[in-house]
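Visitor: This is query08.tsv, which holds TSV, C-alpha atoms:
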chain	number	residue	atom	x	y	z
A	1	GLY	CA	-12.01	32.07	42.63
A	2	ALA	CA	-10.70	30.24	39.57
A	3	VAL	CA	-10.01	32.14	36.35
A	4	GLY	CA	-9.94	29.14	34.02
A	5	CYS	CA	-6.74	29.73	32.05
A	6	ALA	CA	-6.78	27.27	29.15
A	7	PHE	CA	-3.30	25.88	29.78
A	8	CYS	CA	-3.73	25.30	33.54
A	9	ALA	CA	-4.97	21.99	34.98
A	10	THR	CA	-5.51	23.63	38.35
A	11	GLY	CA	-7.88	26.22	36.90
A	12	ALA	CA	-9.84	23.46	35.17
A	13	MET	CA	-11.01	22.25	38.58
A	14	GLY	CA	-13.19	25.34	38.95
A	15	ALA	CA	-13.82	27.36	42.10
A	16	GLY	CA	-14.55	25.90	45.51
A	17	ARG	CA	-14.28	28.71	48.04
A	18	ASN	CA	-11.84	31.42	49.04
A	19	LEU	CA	-9.27	30.82	51.77
A	20	THR	CA	-9.57	32.75	54.99
A	21	THR	CA	-6.74	34.95	56.23
A	22	ALA	CA	-5.91	32.35	58.88
A	23	GLU	CA	-5.69	29.58	56.27
A	24	ILE	CA	-3.35	31.65	54.10
A	25	VAL	CA	-1.03	32.47	56.99
A	26	GLY	CA	-1.36	28.89	58.22
A	27	GLN	CA	0.20	27.54	55.02
A	28	PHE	CA	3.30	29.66	55.64
A	29	ILE	CA	3.49	28.62	59.30
A	30	ALA	CA	3.18	24.94	58.33
A	31	ILE	CA	6.07	25.17	55.87
A	32	ARG	CA	8.19	27.13	58.33
A	33	LYS	CA	7.51	24.51	61.02
A	34	ALA	CA	8.35	21.64	58.66
A	35	MET	CA	11.68	23.28	57.81
A	36	LEU	CA	12.47	24.20	61.44
A	37	ASP	CA	12.67	27.81	60.31
A	38	PHE	CA	12.37	29.84	63.49
A	39	PRO	CA	14.67	32.69	64.60
A	40	VAL	CA	15.23	31.11	68.01
A	41	LEU	CA	16.78	28.08	66.32
A	42	SER	CA	18.86	29.80	63.64
A	43	THR	CA	19.61	33.23	62.21
A	44	LYS	CA	19.35	31.78	58.69
A	45	ARG	CA	15.90	31.98	57.03
A	46	ASN	CA	15.04	28.78	55.17
A	47	VAL	CA	11.70	30.20	54.02
A	48	SER	CA	12.58	33.63	52.70
A	49	ASN	CA	9.97	34.45	50.03
A	50	ILE	CA	6.20	34.16	49.68
A	51	VAL	CA	4.20	34.03	46.44
A	52	PHE	CA	0.40	34.29	46.17
A	53	MET	CA	-0.48	32.57	42.90
A	54	GLY	CA	-1.66	29.43	41.19
A	55	MET	CA	-4.73	27.93	42.85
A	56	GLY	CA	-7.20	30.74	42.26
A	57	GLU	CA	-7.03	34.48	41.58
A	58	PRO	CA	-5.68	36.35	44.66
A	59	LEU	CA	-7.47	39.57	43.75
A	60	TYR	CA	-10.85	37.81	43.89
A	61	ASN	CA	-10.00	37.37	47.59
A	62	ILE	CA	-8.33	40.75	48.05
A	63	ARG	CA	-9.41	41.50	51.63
A	64	ALA	CA	-8.06	38.20	52.97
A	65	VAL	CA	-4.86	38.68	50.96
A	66	GLU	CA	-4.36	42.19	52.37
A	67	ARG	CA	-4.86	40.98	55.93
A	68	ALA	CA	-2.54	38.01	55.33
A	69	VAL	CA	0.20	40.30	53.98
A	70	ASP	CA	-0.19	42.52	57.06
A	71	THR	CA	0.23	39.52	59.37
A	72	LEU	CA	3.07	37.92	57.41
A	73	SER	CA	5.05	41.17	57.28
A	74	HIS	CA	4.35	42.55	60.77
A	75	GLU	CA	7.23	42.37	63.23
A	76	ALA	CA	4.88	40.78	65.76
A	77	GLY	CA	3.70	38.31	63.11
A	78	CYS	CA	6.02	36.47	60.72
A	79	SER	CA	8.31	39.45	60.04
A	80	ILE	CA	8.77	38.80	56.30
A	81	SER	CA	9.72	41.91	54.32
A	82	ARG	CA	7.04	42.99	51.86
A	83	ARG	CA	9.80	43.18	49.25
A	84	ARG	CA	9.92	39.39	49.56
A	85	ILE	CA	6.19	38.90	49.05
A	86	THR	CA	4.80	38.57	45.51
A	87	VAL	CA	1.10	38.66	44.64
A	88	SER	CA	0.21	37.44	41.15
A	89	THR	CA	-2.91	38.41	39.22
A	90	SER	CA	-4.30	37.40	35.85
A	91	GLY	CA	-5.39	41.01	35.42
A	92	VAL	CA	-8.15	42.02	37.83
A	93	VAL	CA	-7.60	45.65	36.92
A	94	PRO	CA	-9.78	47.40	39.56
A	95	HIS	CA	-7.85	45.88	42.48
A	96	MET	CA	-4.29	46.21	41.13
A	97	PRO	CA	-3.67	49.67	42.69
A	98	ARG	CA	-4.37	48.08	46.08
A	99	LEU	CA	-1.42	45.76	45.51
A	100	ALA	CA	0.83	48.73	44.83
A	101	GLN	CA	-0.33	50.31	48.08
A	102	LEU	CA	0.49	47.09	49.94
A	103	GLY	CA	4.15	47.42	48.95
A	104	VAL	CA	4.46	43.85	47.65
A	105	ILE	CA	5.88	42.71	44.31
A	106	VAL	CA	3.14	42.70	41.65
A	107	ALA	CA	3.16	39.85	39.12
A	108	VAL	CA	0.89	39.68	36.08
A	109	SER	CA	0.01	36.45	34.26
A	110	LEU	CA	0.31	37.81	30.72
A	111	HIS	CA	0.98	34.85	28.36
A	112	ALA	CA	-0.03	36.60	25.10
A	113	VAL	CA	0.62	39.84	23.24
A	114	THR	CA	-2.72	40.16	21.43
A	115	ASP	CA	-6.28	40.27	22.73
A	116	GLU	CA	-7.31	37.61	20.24
A	117	LEU	CA	-4.93	35.05	21.74
A	118	ARG	CA	-5.19	36.20	25.34
A	119	ASP	CA	-9.00	35.92	25.19
A	120	GLN	CA	-8.45	32.22	24.50
A	121	LEU	CA	-5.66	31.60	27.01
A	122	VAL	CA	-6.76	33.89	29.86
A	123	PRO	CA	-10.54	34.42	29.60
A	124	ILE	CA	-10.51	37.30	32.08
A	125	ASN	CA	-8.97	39.31	29.23
A	126	LYS	CA	-12.47	39.64	27.74
A	127	GLN	CA	-13.39	41.76	30.77
A	128	TRP	CA	-10.14	43.69	31.12
A	129	PRO	CA	-8.29	43.61	27.76
A	130	LEU	CA	-4.61	44.25	27.22
A	131	LYS	CA	-4.86	48.00	26.63
A	132	GLU	CA	-6.61	48.50	29.96
A	133	LEU	CA	-4.31	46.07	31.77
A	134	MET	CA	-1.10	47.62	30.47
A	135	GLN	CA	-2.29	51.16	31.18
A	136	THR	CA	-3.05	50.10	34.74
A	137	CYS	CA	0.49	48.73	35.06
A	138	ARG	CA	1.91	52.05	33.85
A	139	ASN	CA	-0.33	53.95	36.25
A	140	LEU	CA	0.92	52.14	39.37
A	141	GLY	CA	3.57	54.86	39.27
A	142	ALA	CA	4.45	56.63	42.49
A	143	ASP	CA	2.70	54.05	44.66
A	144	TYR	CA	4.93	51.29	43.34
A	145	SER	CA	8.73	51.18	43.56
A	146	HIS	CA	9.45	47.68	42.20
A	147	ARG	CA	9.62	46.15	38.74
A	148	ILE	CA	6.43	44.38	37.72
A	149	VAL	CA	6.92	40.68	37.03
A	150	PHE	CA	5.21	39.50	33.83
A	151	GLU	CA	4.68	35.74	33.58
A	152	TYR	CA	4.65	34.22	30.11
A	153	VAL	CA	4.01	30.51	29.57
A	154	MET	CA	5.81	29.12	26.52
A	155	LEU	CA	3.42	27.20	24.27
A	156	ARG	CA	4.77	25.50	21.16
A	157	GLU	CA	3.79	27.26	17.91
A	158	ILE	CA	1.24	29.43	19.73
A	159	ASN	CA	3.09	32.27	21.44
A	160	ASP	CA	6.77	31.36	21.17
A	161	ASP	CA	8.06	32.78	17.87
A	162	PRO	CA	10.52	35.72	17.53
A	163	ALA	CA	7.74	38.04	16.31
A	164	ALA	CA	5.89	37.44	19.59
A	165	ALA	CA	9.06	38.23	21.53
A	166	ARG	CA	9.44	41.56	19.75
A	167	ALA	CA	5.74	42.33	20.24
A	168	LEU	CA	6.12	41.56	23.95
A	169	ALA	CA	9.00	44.02	24.23
A	170	ALA	CA	6.87	46.67	22.55
A	171	LEU	CA	3.93	45.93	24.86
A	172	LEU	CA	6.10	46.41	27.95
A	173	ARG	CA	7.81	49.59	26.74
A	174	ASN	CA	8.22	52.17	29.54
A	175	ILE	CA	7.17	49.70	32.23
A	176	PRO	CA	10.04	48.63	34.53
A	177	SER	CA	9.65	44.88	34.10
A	178	VAL	CA	10.91	41.41	34.80
A	179	VAL	CA	9.72	38.83	32.24
A	180	ASN	CA	9.50	35.31	33.63
A	181	LEU	CA	9.38	32.76	30.80
A	182	ILE	CA	7.70	29.54	31.98
A	183	PRO	CA	8.00	26.32	29.95
A	184	PHE	CA	4.52	24.80	29.73
A	185	ASN	CA	4.07	21.77	31.99
A	186	PRO	CA	1.84	19.21	30.18
A	187	TRP	CA	-1.09	17.45	31.82
A	188	LYS	CA	-3.56	14.77	30.81
A	189	GLY	CA	-6.09	15.99	28.25
A	190	THR	CA	-4.39	19.25	27.34
A	191	ARG	CA	-4.12	20.35	23.71
A	192	PHE	CA	-0.95	22.37	24.34
A	193	GLU	CA	2.68	21.33	23.95
A	194	THR	CA	5.84	22.70	25.51
A	195	SER	CA	8.19	24.89	23.49
A	196	SER	CA	11.62	23.36	22.99
A	197	ASP	CA	14.46	24.53	25.21
A	198	GLN	CA	16.16	26.02	22.15
A	199	THR	CA	13.02	27.98	21.24
A	200	ILE	CA	12.70	29.33	24.79
A	201	ILE	CA	16.33	30.41	24.91
A	202	GLU	CA	16.01	32.09	21.50
A	203	PHE	CA	12.80	33.85	22.59
A	204	SER	CA	14.65	35.15	25.63
A	205	ARG	CA	17.52	36.43	23.47
A	206	VAL	CA	15.23	38.19	20.98
A	207	LEU	CA	13.25	39.77	23.82
A	208	GLN	CA	16.39	41.02	25.56
A	209	ASP	CA	17.83	42.38	22.30
A	210	ALA	CA	14.56	44.20	21.55
A	211	ASP	CA	14.64	45.97	24.93
A	212	PRO	CA	17.87	45.71	26.96
A	213	SER	CA	16.15	47.39	29.93
A	214	LEU	CA	14.07	44.24	30.52
A	215	ILE	CA	15.20	41.60	32.99
A	216	VAL	CA	14.40	38.23	31.40
A	217	THR	CA	14.46	34.97	33.36
A	218	ILE	CA	13.49	31.39	32.50
A	219	ARG	CA	11.72	29.38	35.20
A	220	TRP	CA	12.82	25.88	34.28
A	221	SER	CA	10.38	23.25	35.49
A	222	ARG	CA	10.57	21.58	38.89
A	223	GLY	CA	8.27	18.72	39.82
A	224	ARG	CA	7.01	18.02	36.29
A	225	ASP	CA	7.82	14.30	36.57
A	226	ILE	CA	5.39	13.85	39.48
A	227	GLY	CA	2.68	16.21	38.21
A	228	ALA	CA	3.54	18.86	40.80
A	229	ALA	CA	4.90	21.62	38.57
A	230	CYS	CA	3.30	24.98	37.81
A	231	GLY	CA	-0.15	24.45	36.25
A	232	GLN	CA	-0.23	20.70	36.89
A	233	LEU	CA	-1.80	20.52	40.35
A	234	HIS	CA	-5.19	18.87	39.97
A	235	THR	CA	-7.41	16.37	41.75
A	236	ASP	CA	-10.19	14.19	40.37
A	237	LYS	CA	-11.94	14.06	43.73
Using the file provided, produce a representation of the structure as C-alpha cells.
Guide:
Amino acid sequence: GAVGCAFCATGAMGAGRNLTTAEIVGQFIAIRKAMLDFPVLSTKRNVSNIVFMGMGEPLYNIRAVERAVDTLSHEAGCSISRRRITVSTSGVVPHMPRLAQLGVIVAVSLHAVTDELRDQLVPINKQWPLKELMQTCRNLGADYSHRIVFEYVMLREINDDPAAARALAALLRNIPSVVNLIPFNPWKGTRFETSSDQTIIEFSRVLQDADPSLIVTIRWSRGRDIGAACGQLHTDK
C-alpha cells in the first residue's frame, strides 16, 4: 500500500494492490535474465543486491515480503545472501522486529527530525511518531546485527540546515547507523526544491562532526533527466 509521502510522485498515485510473492521474485529473475546473470554462465554476479522500497510500503505486504526473502536467499532459490537484501520502511513500527528476525538490512525513511515536520512529509508519522519509531530501532538489539540505514531526502530550506544535521545526530545517538542523504528529485507539480550540492555536502560534514560513529553517504541522483530517479516514477494512466 502507498504511504503518501509529500515529496514522492510515486506515492501520489495511491494504492492499487499488493504484489504477490511470485511477482516480487519475478522482478529479480527478469533483471537477472536481462543481464545474463546466471552461475552457469559466469562466476561474477552482475545483480548482487536487492532493495525493497519505493513503490509502496513493504511492511504493509509483510507476509509476501518474508516469503520472497526466503526464496531469494535460499540456496535452492536465487541464493542471494540476506546481508545483501535491504527492506525499507517508512516506519510501520509493529512489523519492524520481523525484519530483524529475517536477517536483512533494515532501512528507515526518516526525512525529518521533528514530529511537526515529519507529520507533513511522511504522514504515517501521525500513527507511529518519532519517539516510538526510534525506540523500536534501538530495541531491534540482539535480533539485529547490522547498522540501520536511515534515508533522508534533502529539501531546500525545509530540512537541510546545520541545526537539522546536529538534531539528526542527536536523534540517532546509540543506534549503529548509516545515514543516506538523498538529493530531492523534482517532479511536475511539486512544491519542493532540491538542496544545492554545497548544502548537501555541508550537511554531511556537520552530521559527521556531530557524531563520528555515523557512516554518512550521499546518494547522488541517477535517472533524474528522464524522470526515472528516486521518487519520480509516476504514470498518468
Visitor: To one decimal place, how far is atom CA of A:His146 from atom CA of A:Ser73 in Å?
Guide: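 One can read the atom CA of A:His146 to atom CA of A:Ser73 distance as 17.0 Å.
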Visitor: Got a sec: who's within 12 Å of A:Asn139, counting all atoms listed in the file, leaving out chain neighbours fewer than 5 positions off, as a list in words?
Guide: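 What passes the distance filter is Val93, Pro94, Met96, Pro97, Ala100, Glu132, Leu133, Met134, Tyr144, Ser145, Ile148, Asn174, Ile175 and Pro176 of chain A.
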Visitor: Given all atoms listed in the file as the basis, pick out the residue of A:Ile62, A:Val113, A:Met53, A:Ile182 nearest to A:Val87.
Guide: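 Nearest candidate to A:Val87 out of A:Ile62, A:Val113, A:Met53, A:Ile182: A:Met53.
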Visitor: Tell me which of A:Phe203, A:Phe52, A:Trp128, A:Trp220 sits closest to A:Asp160, counting all atoms listed in the file.
Guide: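 The closest residue to A:Asp160 is A:Phe203.
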Visitor: Could you work out how far atom CA of A:Ile105 lies from atom CA of A:Arg83, giving the answer in Å with one decimal?
Guide: 6.3 Å
Visitor: From the options A:Leu72, A:Leu130, A:Cys8, A:Cys78, which residue's atoms come nearest to A:Phe38, counting only C-alpha atoms?
Guide: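 Of the candidates, the smallest distance to A:Phe38 is held by A:Cys78.
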Visitor: Quick one: pull the distance between atom CA of A:Leu59 and atom CA of A:Pro123, Å, one decimal.
Guide: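 Value for the atom CA of A:Leu59-atom CA of A:Pro123 distance: 15.4 Å.
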Visitor: Contacts of A:Val47 at 9 Å or less, counting only C-alpha atoms, minus same-chain residues fewer than 2 places along, as an MDAnalysis selection string?
Guide: chainID A and resid 28 31:32 35 37 45 49:50
Visitor: From the set A:Thr71, A:Thr89, A:Gln135, A:Ser196, which residue has the shortest atom-to-atom contact distance to A:Ile29, counting all atoms listed in the file?
Guide: A:Thr71
Visitor: Could you add whatever atoms are missing so that stretch 108-128 of chain A carries N, CA and C atoms, then write the result as a compact mmCIF listing (two decimals), keeping the file's coordinate frame?
Guide:
# COMPACT_ATOMS: atom_id res chain seq x y z
N VAL A 108 2.03 39.74 36.99
CA VAL A 108 0.89 39.68 36.08
C VAL A 108 1.03 38.46 35.17
N SER A 109 0.02 37.61 35.16
CA SER A 109 0.01 36.45 34.26
C SER A 109 -0.40 36.94 32.87
N LEU A 110 0.56 37.17 32.01
CA LEU A 110 0.31 37.81 30.72
C LEU A 110 0.04 36.78 29.61
N HIS A 111 1.08 36.04 29.22
CA HIS A 111 0.98 34.85 28.36
C HIS A 111 0.66 35.10 26.88
N ALA A 112 0.29 36.31 26.51
CA ALA A 112 -0.03 36.60 25.10
C ALA A 112 0.15 38.09 24.86
N VAL A 113 0.37 38.43 23.58
CA VAL A 113 0.62 39.84 23.24
C VAL A 113 -0.50 40.44 22.40
N THR A 114 -1.55 39.65 22.14
CA THR A 114 -2.72 40.16 21.43
C THR A 114 -3.97 39.78 22.20
N ASP A 115 -5.01 40.60 22.07
CA ASP A 115 -6.28 40.27 22.73
C ASP A 115 -6.89 38.99 22.16
N GLU A 116 -6.73 38.80 20.87
CA GLU A 116 -7.31 37.61 20.24
C GLU A 116 -6.81 36.33 20.89
N LEU A 117 -5.49 36.24 21.12
CA LEU A 117 -4.93 35.05 21.74
C LEU A 117 -5.17 35.04 23.25
N ARG A 118 -5.03 36.18 23.88
CA ARG A 118 -5.19 36.20 25.34
C ARG A 118 -6.65 35.89 25.74
N ASP A 119 -7.61 36.29 24.92
CA ASP A 119 -9.00 35.92 25.19
C ASP A 119 -9.16 34.41 25.30
N GLN A 120 -8.38 33.68 24.50
CA GLN A 120 -8.45 32.22 24.50
C GLN A 120 -7.69 31.61 25.68
N LEU A 121 -6.52 32.17 25.97
CA LEU A 121 -5.66 31.60 27.01
C LEU A 121 -6.06 32.03 28.41
N VAL A 122 -6.42 33.31 28.55
CA VAL A 122 -6.76 33.89 29.86
C VAL A 122 -8.11 34.59 29.72
N PRO A 123 -9.21 33.88 29.92
CA PRO A 123 -10.54 34.42 29.60
C PRO A 123 -10.88 35.74 30.28
N ILE A 124 -10.25 36.05 31.39
CA ILE A 124 -10.51 37.30 32.08
C ILE A 124 -10.16 38.50 31.20
N ASN A 125 -9.35 38.25 30.16
CA ASN A 125 -8.97 39.31 29.23
C ASN A 125 -10.18 39.91 28.51
N LYS A 126 -11.26 39.12 28.39
CA LYS A 126 -12.47 39.64 27.74
C LYS A 126 -13.09 40.76 28.57
N GLN A 127 -12.86 40.73 29.88
CA GLN A 127 -13.39 41.76 30.77
C GLN A 127 -12.44 42.95 30.90
N TRP A 128 -11.15 42.63 31.02
CA TRP A 128 -10.14 43.69 31.12
C TRP A 128 -9.06 43.42 30.08
